[in-house]
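What follows is model.cif (mmCIF, C-alpha atoms and all ligand atoms; chains and numbers go by the auth columns).
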data_start
#
loop_
_atom_site.group_PDB
_atom_site.id
_atom_site.type_symbol
_atom_site.label_atom_id
_atom_site.label_comp_id
_atom_site.label_asym_id
_atom_site.label_seq_id
_atom_site.Cartn_x
_atom_site.Cartn_y
_atom_site.Cartn_z
_atom_site.B_iso_or_equiv
_atom_site.auth_seq_id
_atom_site.auth_asym_id
ATOM 1 C CA MET A 1 -11.712 -2.373 34.185 0.00 15 A
ATOM 2 C CA SER A 2 -9.381 -0.753 31.711 0.00 16 A
ATOM 3 C CA THR A 3 -9.457 -1.026 27.946 0.00 17 A
ATOM 4 C CA LYS A 4 -7.018 -3.518 26.457 0.00 18 A
ATOM 5 C CA LEU A 5 -5.585 -3.902 22.962 0.00 19 A
ATOM 6 C CA GLY A 6 -6.513 -7.371 21.718 0.00 20 A
ATOM 7 C CA GLY A 7 -4.823 -7.786 18.367 0.00 21 A
ATOM 8 C CA ALA A 8 -4.168 -6.192 15.002 0.00 22 A
ATOM 9 C CA ILE A 9 -4.088 -7.199 11.354 0.00 23 A
ATOM 10 C CA LEU A 10 -3.372 -5.305 8.146 0.00 24 A
ATOM 11 C CA CYS A 11 -5.505 -5.483 5.005 0.00 25 A
ATOM 12 C CA ASN A 12 -5.944 -3.749 1.650 0.00 26 A
ATOM 13 C CA ALA A 13 -9.584 -2.695 1.908 0.00 27 A
ATOM 14 C CA THR A 14 -12.616 -2.830 4.186 0.00 28 A
ATOM 15 C CA SER A 15 -16.387 -2.515 3.908 0.00 29 A
ATOM 16 C CA LYS A 16 -19.397 -2.847 6.196 0.00 30 A
ATOM 17 C CA GLY A 17 -20.689 -6.411 6.208 0.00 31 A
ATOM 18 C CA ASP A 18 -23.817 -8.030 7.662 0.00 32 A
ATOM 19 C CA ASP A 19 -24.927 -6.973 11.187 0.00 33 A
ATOM 20 C CA ASN A 20 -22.495 -4.033 11.042 0.00 34 A
ATOM 21 C CA LYS A 21 -19.549 -6.433 11.079 0.00 35 A
ATOM 22 C CA LEU A 22 -16.388 -5.364 9.293 0.00 36 A
ATOM 23 C CA ASP A 23 -15.385 -7.179 6.095 0.00 37 A
ATOM 24 C CA CYS A 24 -11.622 -7.138 5.426 0.00 38 A
ATOM 25 C CA ARG A 25 -10.195 -7.902 1.995 0.00 39 A
ATOM 26 C CA GLY A 26 -6.588 -8.763 1.231 0.00 40 A
ATOM 27 C CA VAL A 27 -5.129 -9.446 4.669 0.00 41 A
ATOM 28 C CA PHE A 28 -1.305 -9.374 4.496 0.00 42 A
ATOM 29 C CA THR A 29 1.902 -9.418 6.536 0.00 43 A
ATOM 30 C CA SER A 30 4.375 -7.972 4.029 0.00 44 A
ATOM 31 C CA PHE A 31 4.650 -5.168 1.478 0.00 45 A
ATOM 32 C CA LEU A 32 6.255 -5.854 -1.900 0.00 46 A
ATOM 33 C CA ALA A 33 8.546 -3.132 -3.249 0.00 47 A
ATOM 34 C CA TRP A 34 10.129 -2.690 -6.682 0.00 48 A
ATOM 35 C CA ALA A 35 12.282 0.331 -5.781 0.00 49 A
ATOM 36 C CA PHE A 36 12.889 2.828 -2.978 0.00 50 A
ATOM 37 C CA PRO A 37 11.469 5.152 -1.881 0.00 51 A
ATOM 38 C CA THR A 38 8.245 3.286 -2.598 0.00 52 A
ATOM 39 C CA THR A 39 5.115 4.940 -3.848 0.00 53 A
ATOM 40 C CA PRO A 40 3.108 5.576 -0.651 0.00 54 A
ATOM 41 C CA ARG A 41 1.358 2.338 0.333 0.00 55 A
ATOM 42 C CA ALA A 42 -2.193 2.716 1.615 0.00 56 A
ATOM 43 C CA TRP A 43 -3.637 0.074 3.924 0.00 57 A
ATOM 44 C CA HIS A 44 -6.068 -0.444 6.802 0.00 58 A
ATOM 45 C CA SER A 45 -4.890 -1.386 10.285 0.00 59 A
ATOM 46 C CA ILE A 46 -7.655 -3.323 12.042 0.00 60 A
ATOM 47 C CA LEU A 47 -7.453 -3.247 15.807 0.00 61 A
ATOM 48 C CA THR A 48 -9.520 -5.079 18.424 0.00 62 A
ATOM 49 C CA LEU A 49 -10.127 -3.454 21.813 0.00 63 A
ATOM 50 C CA TYR A 50 -11.604 -5.194 24.867 0.00 64 A
ATOM 51 C CA GLU A 51 -13.370 -3.899 27.950 0.00 65 A
ATOM 52 C CA TYR A 52 -14.338 -0.833 26.009 0.00 66 A
ATOM 53 C CA PRO A 53 -15.221 2.240 28.189 0.00 67 A
ATOM 54 C CA THR A 54 -18.863 3.336 28.456 0.00 68 A
ATOM 55 C CA THR A 55 -18.105 6.822 29.814 0.00 69 A
ATOM 56 C CA ASP A 56 -14.654 7.937 28.636 0.00 70 A
ATOM 57 C CA THR A 57 -13.270 8.922 25.248 0.00 71 A
ATOM 58 C CA ILE A 58 -10.024 7.125 24.468 0.00 72 A
ATOM 59 C CA PHE A 59 -7.278 7.940 21.973 0.00 73 A
ATOM 60 C CA ILE A 60 -5.207 5.453 19.981 0.00 74 A
ATOM 61 C CA ASN A 61 -1.765 6.527 18.776 0.00 75 A
ATOM 62 C CA THR A 62 -0.195 4.736 15.845 0.00 76 A
ATOM 63 C CA ALA A 63 3.426 4.897 14.708 0.00 77 A
ATOM 64 C CA ILE A 64 5.896 3.032 12.497 0.00 78 A
ATOM 65 C CA SER A 65 9.568 2.202 13.010 0.00 79 A
ATOM 66 C CA PHE A 66 12.286 0.588 10.913 0.00 80 A
ATOM 67 C CA GLY A 67 13.354 -2.339 13.096 0.00 81 A
ATOM 68 C CA HIS A 68 13.597 -1.055 16.653 0.00 82 A
ATOM 69 C CA GLY A 69 14.596 2.416 15.448 0.00 83 A
ATOM 70 C CA ARG A 70 12.918 5.775 15.943 0.00 84 A
ATOM 71 C CA LYS A 71 9.106 5.769 15.910 0.00 85 A
ATOM 72 C CA ILE A 72 7.446 7.993 13.318 0.00 86 A
ATOM 73 C CA ASN A 73 3.863 8.961 14.167 0.00 87 A
ATOM 74 C CA LEU A 74 1.216 7.888 11.649 0.00 88 A
ATOM 75 C CA THR A 75 -2.322 8.577 12.868 0.00 89 A
ATOM 76 C CA LYS A 76 -4.080 9.479 16.127 0.00 90 A
ATOM 77 C CA VAL A 77 -7.639 8.180 16.456 0.00 91 A
ATOM 78 C CA GLU A 78 -10.318 9.483 18.828 0.00 92 A
ATOM 79 C CA LEU A 79 -12.866 6.906 20.018 0.00 93 A
ATOM 80 C CA PRO A 80 -15.985 8.128 21.873 0.00 94 A
ATOM 81 C CA PRO A 81 -17.460 6.074 24.749 0.00 95 A
ATOM 82 C CA GLN A 82 -19.998 3.444 23.724 0.00 96 A
ATOM 83 C CA LYS A 83 -22.626 1.657 25.761 0.00 97 A
ATOM 84 C CA GLY A 84 -23.232 -2.046 25.371 0.00 98 A
ATOM 85 C CA ASN A 85 -19.967 -2.923 23.635 0.00 99 A
ATOM 86 C CA PHE A 86 -17.629 -5.359 25.345 0.00 100 A
ATOM 87 C CA GLY A 87 -15.187 -5.133 22.514 0.00 101 A
ATOM 88 C CA LEU A 88 -14.679 -2.832 19.555 0.00 102 A
ATOM 89 C CA ILE A 89 -13.155 -3.270 16.105 0.00 103 A
ATOM 90 C CA VAL A 90 -11.323 -0.140 14.955 0.00 104 A
ATOM 91 C CA ASP A 91 -10.551 0.415 11.275 0.00 105 A
ATOM 92 C CA ILE A 92 -7.634 2.842 10.818 0.00 106 A
ATOM 93 C CA PRO A 93 -6.771 3.848 7.207 0.00 107 A
ATOM 94 C CA GLN A 94 -3.032 4.570 6.929 0.00 108 A
ATOM 95 C CA PHE A 95 -0.325 5.240 4.386 0.00 109 A
ATOM 96 C CA TYR A 96 3.471 5.348 4.346 0.00 110 A
ATOM 97 C CA SER A 97 6.331 5.521 1.867 0.00 111 A
ATOM 98 C CA PHE A 98 9.030 2.961 2.683 0.00 112 A
ATOM 99 C CA THR A 99 12.674 3.973 2.188 0.00 113 A
ATOM 100 C CA GLU A 100 14.377 0.595 2.536 0.00 114 A
ATOM 101 C CA GLU A 101 13.627 -3.120 2.676 0.00 115 A
ATOM 102 C CA GLY A 102 13.556 -5.020 5.946 0.00 116 A
ATOM 103 C CA LEU A 103 11.533 -5.521 9.084 0.00 117 A
ATOM 104 C CA TYR A 104 9.294 -2.680 10.285 0.00 118 A
ATOM 105 C CA PHE A 105 6.943 -2.459 13.253 0.00 119 A
ATOM 106 C CA ILE A 106 3.577 -0.737 13.356 0.00 120 A
ATOM 107 C CA HIS A 107 2.886 0.392 16.910 0.00 121 A
ATOM 108 C CA PHE A 108 -0.509 0.940 18.534 0.00 122 A
ATOM 109 C CA SER A 109 -0.991 2.424 21.990 0.00 123 A
ATOM 110 C CA ILE A 110 -3.884 3.644 24.130 0.00 124 A
ATOM 111 C CA VAL A 111 -2.907 7.206 25.097 0.00 125 A
ATOM 112 C CA GLY A 112 -2.318 7.665 28.833 0.00 126 A
ATOM 113 C CA THR A 113 -1.775 3.931 29.479 0.00 127 A
ATOM 114 C CA THR A 114 1.121 1.503 29.100 0.00 128 A
ATOM 115 C CA ASN A 115 -1.076 -0.637 26.864 0.00 129 A
ATOM 116 C CA THR A 116 0.805 -1.082 23.560 0.00 130 A
ATOM 117 C CA LEU A 117 0.905 -3.530 20.697 0.00 131 A
ATOM 118 C CA SER A 118 3.572 -3.793 17.984 0.00 132 A
ATOM 119 C CA LEU A 119 2.888 -5.590 14.728 0.00 133 A
ATOM 120 C CA PRO A 120 5.860 -6.745 12.611 0.00 134 A
ATOM 121 C CA VAL A 121 5.613 -6.213 8.870 0.00 135 A
ATOM 122 C CA LYS A 122 8.237 -6.976 6.268 0.00 136 A
ATOM 123 C CA VAL A 123 9.083 -4.908 3.186 0.00 137 A
ATOM 124 C CA ILE A 124 10.418 -7.287 0.533 0.00 138 A
ATOM 125 C CA THR A 125 12.229 -6.168 -2.629 0.00 139 A
ATOM 126 C CA GLN A 126 10.947 -7.767 -5.819 0.00 140 A
ATOM 127 C CA PRO A 127 13.067 -8.499 -8.908 0.00 141 A
ATOM 128 C CA TRP A 128 12.490 -6.073 -11.780 0.00 142 A
ATOM 129 C CA PRO A 129 9.670 -7.537 -13.919 0.00 143 A
ATOM 130 C CA ARG A 130 11.073 -8.417 -17.346 0.00 144 A
ATOM 131 C CA VAL A 131 9.242 -10.284 -20.066 0.00 145 A
ATOM 132 C CA THR A 132 10.760 -13.272 -21.831 0.00 146 A
ATOM 133 C CA LYS A 133 10.550 -13.829 -25.605 0.00 147 A
ATOM 134 C CA LYS A 134 7.763 -16.336 -24.984 0.00 148 A
ATOM 135 C CA GLN A 135 5.762 -13.809 -22.957 0.00 149 A
ATOM 136 C CA LEU A 136 6.286 -11.086 -25.573 0.00 150 A
ATOM 137 C CA ASN A 137 5.030 -13.492 -28.180 0.00 151 A
ATOM 138 C CA PHE A 138 1.897 -14.068 -26.111 0.00 152 A
ATOM 139 C CA LEU A 139 1.294 -10.337 -25.612 0.00 153 A
ATOM 140 C CA GLU A 140 1.672 -9.702 -29.347 0.00 154 A
ATOM 141 C CA LYS A 141 -0.835 -12.392 -30.270 0.00 155 A
ATOM 142 C CA ASN A 142 -3.483 -11.809 -27.617 0.00 156 A
ATOM 143 C CA SER A 143 -5.235 -8.501 -27.947 0.00 157 A
ATOM 144 C CA LEU A 144 -7.470 -9.215 -24.927 0.00 158 A
ATOM 145 C CA VAL A 145 -4.495 -9.036 -22.567 0.00 159 A
ATOM 146 C CA PRO A 146 -3.186 -5.469 -22.108 0.00 160 A
ATOM 147 C CA ASN A 147 0.399 -5.005 -23.261 0.00 161 A
ATOM 148 C CA SER A 148 0.774 -1.502 -21.924 0.00 162 A
ATOM 149 C CA VAL A 149 -0.401 0.328 -18.859 0.00 163 A
ATOM 150 C CA GLN A 150 -1.271 3.959 -18.174 0.00 164 A
ATOM 151 C CA ILE A 151 -1.092 5.451 -14.699 0.00 165 A
ATOM 152 C CA THR A 152 -1.935 8.972 -13.621 0.00 166 A
ATOM 153 C CA ILE A 153 0.371 10.185 -10.867 0.00 167 A
ATOM 154 C CA ILE A 154 -0.808 13.147 -8.817 0.00 168 A
ATOM 155 C CA CYS A 155 1.983 15.436 -7.600 0.00 169 A
ATOM 156 C CA SER A 156 1.854 15.261 -3.794 0.00 170 A
ATOM 157 C CA LYS A 157 2.891 18.925 -3.504 0.00 171 A
ATOM 158 C CA CYS A 158 0.697 20.747 -6.067 0.00 172 A
ATOM 159 C CA SER A 159 -1.830 18.036 -7.132 0.00 173 A
ATOM 160 C CA HIS A 160 -0.825 18.369 -10.801 0.00 174 A
ATOM 161 C CA PRO A 161 -1.731 15.105 -12.598 0.00 175 A
ATOM 162 C CA VAL A 162 0.787 13.493 -14.970 0.00 176 A
ATOM 163 C CA LEU A 163 -0.060 10.520 -17.181 0.00 177 A
ATOM 164 C CA PHE A 164 2.657 7.885 -17.614 0.00 178 A
ATOM 165 C CA GLN A 165 2.603 4.913 -19.950 0.00 179 A
ATOM 166 C CA ASP A 166 4.671 1.745 -19.951 0.00 180 A
ATOM 167 C CA SER A 167 4.583 -0.748 -22.776 0.00 181 A
ATOM 168 C CA PHE A 168 6.163 -4.143 -23.289 0.00 182 A
ATOM 169 C CA LEU A 169 5.899 -4.216 -27.061 0.00 183 A
ATOM 170 C CA PRO A 170 8.643 -2.403 -28.935 0.00 184 A
ATOM 171 C CA GLY A 171 7.409 0.378 -31.204 0.00 185 A
ATOM 172 C CA THR A 172 4.162 1.026 -29.296 0.00 186 A
ATOM 173 C CA THR A 173 3.182 4.668 -29.684 0.00 187 A
ATOM 174 C CA LEU A 174 2.401 6.604 -26.548 0.00 188 A
ATOM 175 C CA ALA A 175 -1.159 7.769 -25.952 0.00 189 A
ATOM 176 C CA LYS A 176 -1.781 11.471 -26.413 0.00 190 A
ATOM 177 C CA SER A 177 -0.486 13.466 -23.414 0.00 191 A
ATOM 178 C CA ALA A 178 1.207 10.367 -21.929 0.00 192 A
ATOM 179 C CA HIS A 179 4.848 10.469 -20.826 0.00 193 A
ATOM 180 C CA PRO A 180 7.176 7.469 -20.903 0.00 194 A
ATOM 181 C CA PHE A 181 8.427 6.364 -17.488 0.00 195 A
ATOM 182 C CA PRO A 182 11.895 7.959 -17.066 0.00 196 A
ATOM 183 C CA ASP A 183 14.801 5.451 -17.015 0.00 197 A
ATOM 184 C CA SER A 184 16.098 6.991 -13.797 0.00 198 A
ATOM 185 C CA GLY A 185 12.664 6.614 -12.182 0.00 199 A
ATOM 186 C CA ILE A 186 12.854 10.283 -11.192 0.00 200 A
ATOM 187 C CA TYR A 187 10.437 12.851 -12.632 0.00 201 A
ATOM 188 C CA LYS A 188 10.384 16.545 -11.807 0.00 202 A
ATOM 189 C CA CYS A 189 6.865 18.001 -11.666 0.00 203 A
ATOM 190 C CA GLU A 190 6.572 20.540 -14.477 0.00 204 A
ATOM 191 C CA GLU A 191 4.307 22.766 -12.366 0.00 205 A
ATOM 192 C CA CYS A 192 6.094 23.003 -9.007 0.00 206 A
ATOM 193 C CA GLY A 193 9.435 21.213 -9.472 0.00 207 A
ATOM 194 C CA ASP A 194 8.719 18.572 -6.818 0.00 208 A
ATOM 195 C CA ILE A 195 10.480 15.233 -7.353 0.00 209 A
ATOM 196 C CA MET A 196 8.371 12.127 -7.995 0.00 210 A
ATOM 197 C CA TYR A 197 9.864 8.648 -7.547 0.00 211 A
ATOM 198 C CA LEU A 198 8.225 6.370 -10.114 0.00 212 A
ATOM 199 C CA LYS A 199 10.352 3.206 -10.286 0.00 213 A
ATOM 200 C CA ASP A 200 8.310 1.365 -7.636 0.00 214 A
ATOM 201 C CA ILE A 201 4.896 2.040 -9.182 0.00 215 A
ATOM 202 C CA GLN A 202 6.263 1.198 -12.654 0.00 216 A
ATOM 203 C CA GLY A 203 7.526 -2.160 -11.330 0.00 217 A
ATOM 204 C CA GLN A 204 4.152 -2.784 -9.686 0.00 218 A
ATOM 205 C CA ALA A 205 2.334 -2.024 -12.956 0.00 219 A
ATOM 206 C CA ARG A 206 4.654 -4.226 -15.069 0.00 220 A
ATOM 207 C CA SER A 207 4.286 -7.076 -12.609 0.00 221 A
ATOM 208 C CA SER A 208 0.473 -6.814 -12.729 0.00 222 A
ATOM 209 C CA ILE A 209 0.554 -7.128 -16.545 0.00 223 A
ATOM 210 C CA ILE A 210 2.839 -10.170 -16.377 0.00 224 A
ATOM 211 C CA ALA A 211 0.422 -11.719 -13.855 0.00 225 A
ATOM 212 C CA THR A 212 -2.321 -11.635 -16.519 0.00 226 A
ATOM 213 C CA ILE A 213 -0.235 -13.836 -18.855 0.00 227 A
ATOM 214 C CA PRO A 214 -1.298 -17.470 -18.392 0.00 228 A
ATOM 215 C CA LYS A 215 1.162 -19.575 -16.382 0.00 229 A
ATOM 216 C CA VAL A 216 2.112 -21.785 -19.297 0.00 230 A
ATOM 217 C CA TRP A 217 3.397 -18.719 -21.175 0.00 231 A
ATOM 218 C CA ARG A 218 5.238 -17.502 -18.096 0.00 232 A
ATOM 219 C CA GLY A 219 7.335 -20.665 -18.169 0.00 233 A
ATOM 220 C CA GLY A 220 5.299 -22.449 -15.486 0.00 234 A
ATOM 221 C CA LYS A 221 4.074 -26.039 -15.589 0.00 235 A
HETATM 222 ZN ZN ZN B . 3.822 19.567 -8.527 0.00 301 B
#
Kindly present the structure from the file in structure tokens form.
Amino acid sequence: MSTKLGGAILCNATSKGDDNKLDCRGVFTSFLAWAFPTTPRAWHSILTLYEYPTTDTIFINTAISFGHGRKINLTKVELPPQKGNFGLIVDIPQFYSFTEEGLYFIHFSIVGTTNTLSLPVKVITQPWPRVTKKQLNFLEKNSLVPNSVQITIICSKCSHPVLFQDSFLPGTTLAKSAHPFPDSGIYKCEECGDIMYLKDIQGQARSSIIATIPKVWRGGK
């Protein structure tokens, strides 16, 4: 018998459930993007393996490609032999920064075999989240709903943290030590000079605030 890849899904988060089963939260098939390159997206790839070996260690290679283009390696996972398991669920935390919208494939393979599995995933560009007059009116009148958001971005090169703030209401003063999001979306780390691309995470943050406005104020029925 040789180990086979059964299937794969992607989800936002996992935890251990009852009887050591895996609980997956936020299963998805597409990533939403507000600008490119995107802020690195973190997710879990959940893989099922069958006819799991009782004596051999196996390795799973994972990679990503834009369409059928060049594969870029993501993670290599080592799985020790296990007795008494017909199948195995493997939870692989991953992250990637997408550079353009379109169809991608996440590839899984058992090293040393021809056993592979490719999972399609779509990166979809979202319109820039703007607020209407009606929504602004709601945000002004309802102090329970946040009308600004603060996000700490950690420089990926030197780990220097920078606090950014975005606000919908005109005239809102920035919190102490907070920077406004740059119009260009590009920020140069003041410690090491590395470039941070912020437009995507700013769009994500604005869209999450708009989502807290009740539908009727968003122009829905
Ligand atoms: Zn830096």
Can I get the residues close to ligand ZN 301 (chain B) as a PyMOL selection string, where close means within 9 Å and we count all atoms listed in the file? chain A and resi 168-175+202-210
Counting all atoms listed in the file, what is within 12 Å of His82 (chain A), bar same-chain residues fewer than 3 positions away, as a PDB file with C-alpha atoms, keeping the file's coordinate frame?
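Saved the output as out18.pdb:
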ATOM      1  CA  ALA A  77       3.426   4.897  14.708  1.00  0.00           C
ATOM      2  CA  ILE A  78       5.896   3.032  12.497  1.00  0.00           C
ATOM      3  CA  SER A  79       9.568   2.202  13.010  1.00  0.00           C
ATOM      4  CA  LYS A  85       9.106   5.769  15.910  1.00  0.00           C
ATOM      5  CA  ILE A  86       7.446   7.993  13.318  1.00  0.00           C
ATOM      6  CA  GLY A 116      13.556  -5.020   5.946  1.00  0.00           C
ATOM      7  CA  LEU A 117      11.533  -5.521   9.084  1.00  0.00           C
ATOM      8  CA  TYR A 118       9.294  -2.680  10.285  1.00  0.00           C
ATOM      9  CA  PHE A 119       6.943  -2.459  13.253  1.00  0.00           C
ATOM     10  CA  ILE A 120       3.577  -0.737  13.356  1.00  0.00           C
ATOM     11  CA  HIS A 121       2.886   0.392  16.910  1.00  0.00           C
ATOM     12  CA  SER A 132       3.572  -3.793  17.984  1.00  0.00           C
ATOM     13  CA  LEU A 133       2.888  -5.590  14.728  1.00  0.00           C
ATOM     14  CA  PRO A 134       5.860  -6.745  12.611  1.00  0.00           C
TER      15      PRO A 134
END
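The nearest approach to Ile74 (chain A) among the residues A:Asn34, A:Ser191, A:Asn129, A:Thr52, with only C-alpha atoms taken into account, belongs to A:Asn129.
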Once the PyMOL selection byres (((chain A and resi 227) around 12) and not hetatm) is applied to the coordinates I shared, what remains selected? I want it as an MDAnalysis selection string. chainID A and resid 145:146 148:161 220:226 228:234
Using all atoms listed in the file, which residues sit within 8 Å of Ile106 (chain A) once same-chain residues fewer than 6 positions away are excluded, as a list in words? His58, Ser59, Ile60, Leu61 and Val91 of chain A
Those residues with C-alpha atoms, as a PDB file, in the frame of the given file please?
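And here is the file that came out, result-v8.pdb:
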ATOM      1  CA  HIS A  58      -6.068  -0.444   6.802  1.00  0.00           C
ATOM      2  CA  SER A  59      -4.890  -1.386  10.285  1.00  0.00           C
ATOM      3  CA  ILE A  60      -7.655  -3.323  12.042  1.00  0.00           C
ATOM      4  CA  LEU A  61      -7.453  -3.247  15.807  1.00  0.00           C
ATOM      5  CA  VAL A  91      -7.639   8.180  16.456  1.00  0.00           C
TER       6      VAL A  91
END
What are the centre and edge lengths in Å, to one decimal, of the axis-aligned box around all listed atoms of region 220-228 of chain A with 4 Å added on each side, as AutoDock Vina command-line options?
--center_x 1.2 --center_y -10.8 --center_z -15.7 --size_x 15.0 --size_y 21.2 --size_z 14.2
Report as a PDB file with C-alpha atoms, keeping the file's coordinate frame all protein, DNA and RNA residues lying within 9 Å of Arg55 (chain A), evaluated on all atoms listed in the file, omitting residues in the same chain fewer than 2 positions from it.
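Writing done, so here's part_17.pdb:
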ATOM      1  CA  PHE A  45       4.650  -5.168   1.478  1.00  0.00           C
ATOM      2  CA  THR A  52       8.245   3.286  -2.598  1.00  0.00           C
ATOM      3  CA  THR A  53       5.115   4.940  -3.848  1.00  0.00           C
ATOM      4  CA  TRP A  57      -3.637   0.074   3.924  1.00  0.00           C
ATOM      5  CA  GLN A 108      -3.032   4.570   6.929  1.00  0.00           C
ATOM      6  CA  PHE A 109      -0.325   5.240   4.386  1.00  0.00           C
ATOM      7  CA  TYR A 110       3.471   5.348   4.346  1.00  0.00           C
ATOM      8  CA  SER A 111       6.331   5.521   1.867  1.00  0.00           C
ATOM      9  CA  PHE A 112       9.030   2.961   2.683  1.00  0.00           C
TER      10      PHE A 112
END
Can you list, as a PyMOL selection string, every protein, DNA or RNA residue that comes within 7 Å of Thr43 (chain A) when you count all atoms listed in the file, leaving out same-chain residues fewer than 4 positions away? chain A and resi 24+135-136
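Picked by the PyMOL selection byres (((chain A and resi 101) around 10) and not hetatm) from the coordinates shown: Thr17, Lys18, Leu19, Gly20, Thr62, Leu63, Tyr64, Glu65, Tyr66, Pro67, Gln96, Gly98, Asn99, Phe100, Leu102, Ile103 and Val104 of chain A.
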File dump, residues just selected, C-alpha atoms, as a PDB file, in the frame of the given file:
ATOM      1  CA  THR A  17      -9.457  -1.026  27.946  1.00  0.00           C
ATOM      2  CA  LYS A  18      -7.018  -3.518  26.457  1.00  0.00           C
ATOM      3  CA  LEU A  19      -5.585  -3.902  22.962  1.00  0.00           C
ATOM      4  CA  GLY A  20      -6.513  -7.371  21.718  1.00  0.00           C
ATOM      5  CA  THR A  62      -9.520  -5.079  18.424  1.00  0.00           C
ATOM      6  CA  LEU A  63     -10.127  -3.454  21.813  1.00  0.00           C
ATOM      7  CA  TYR A  64     -11.604  -5.194  24.867  1.00  0.00           C
ATOM      8  CA  GLU A  65     -13.370  -3.899  27.950  1.00  0.00           C
ATOM      9  CA  TYR A  66     -14.338  -0.833  26.009  1.00  0.00           C
ATOM     10  CA  PRO A  67     -15.221   2.240  28.189  1.00  0.00           C
ATOM     11  CA  GLN A  96     -19.998   3.444  23.724  1.00  0.00           C
ATOM     12  CA  GLY A  98     -23.232  -2.046  25.371  1.00  0.00           C
ATOM     13  CA  ASN A  99     -19.967  -2.923  23.635  1.00  0.00           C
ATOM     14  CA  PHE A 100     -17.629  -5.359  25.345  1.00  0.00           C
ATOM     15  CA  LEU A 102     -14.679  -2.832  19.555  1.00  0.00           C
ATOM     16  CA  ILE A 103     -13.155  -3.270  16.105  1.00  0.00           C
ATOM     17  CA  VAL A 104     -11.323  -0.140  14.955  1.00  0.00           C
TER      18      VAL A 104
END
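Going from CA of Val41 (chain A) over to CA of Ala56 (chain A), you cover 12.9 Å.
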Convert the output of the PyMOL selection byres (((chain A and resi 28) around 6) and not hetatm) on the shown file into explicit residues, formatted as a PyMOL selection string. chain A and resi 27+29+37-38
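The closest residue to Phe73 (chain A), picked from A:Cys25, A:Ala47, A:Leu212, A:Ile124 and counting all atoms listed in the file, is A:Ile124.
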Generate the coordinates of N, CA and C atoms for region 47-62 of chain A; report them as a tab-separated table (two decimals), keeping the file's coordinate frame.
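Wrote it out as part_7.tsv, contents follow:
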chain	number	residue	atom	x	y	z
A	47	ALA	N	8.01	-4.39	-2.74
A	47	ALA	CA	8.55	-3.13	-3.25
A	47	ALA	C	9.42	-3.39	-4.46
A	48	TRP	N	9.33	-2.54	-5.47
A	48	TRP	CA	10.13	-2.69	-6.68
A	48	TRP	C	11.28	-1.70	-6.72
A	49	ALA	N	11.20	-0.66	-5.90
A	49	ALA	CA	12.28	0.33	-5.78
A	49	ALA	C	12.00	1.20	-4.57
A	50	PHE	N	13.03	1.94	-4.14
A	50	PHE	CA	12.89	2.83	-2.98
A	50	PHE	C	13.27	4.25	-3.36
A	51	PRO	N	12.62	5.28	-2.77
A	51	PRO	CA	11.47	5.15	-1.88
A	51	PRO	C	10.26	4.59	-2.63
A	52	THR	N	9.42	3.85	-1.93
A	52	THR	CA	8.24	3.29	-2.60
A	52	THR	C	7.19	4.38	-2.80
A	53	THR	N	6.32	4.15	-3.75
A	53	THR	CA	5.12	4.94	-3.85
A	53	THR	C	4.39	4.74	-2.52
A	54	PRO	N	3.78	5.80	-1.94
A	54	PRO	CA	3.11	5.58	-0.65
A	54	PRO	C	2.13	4.40	-0.71
A	55	ARG	N	2.26	3.49	0.25
A	55	ARG	CA	1.36	2.34	0.33
A	55	ARG	C	0.19	2.72	1.25
A	56	ALA	N	-1.01	2.45	0.79
A	56	ALA	CA	-2.19	2.72	1.62
A	56	ALA	C	-2.73	1.37	2.11
A	57	TRP	N	-3.08	1.31	3.37
A	57	TRP	CA	-3.64	0.07	3.92
A	57	TRP	C	-4.56	0.41	5.09
A	58	HIS	N	-5.22	-0.60	5.62
A	58	HIS	CA	-6.07	-0.44	6.80
A	58	HIS	C	-5.47	-1.27	7.94
A	59	SER	N	-5.27	-0.65	9.07
A	59	SER	CA	-4.89	-1.39	10.28
A	59	SER	C	-6.18	-1.66	11.05
A	60	ILE	N	-6.44	-2.94	11.32
A	60	ILE	CA	-7.66	-3.32	12.04
A	60	ILE	C	-7.26	-3.74	13.45
A	61	LEU	N	-7.84	-3.07	14.42
A	61	LEU	CA	-7.45	-3.25	15.81
A	61	LEU	C	-8.66	-3.74	16.61
A	62	THR	N	-8.42	-4.69	17.52
A	62	THR	CA	-9.52	-5.08	18.42
A	62	THR	C	-9.22	-4.56	19.83
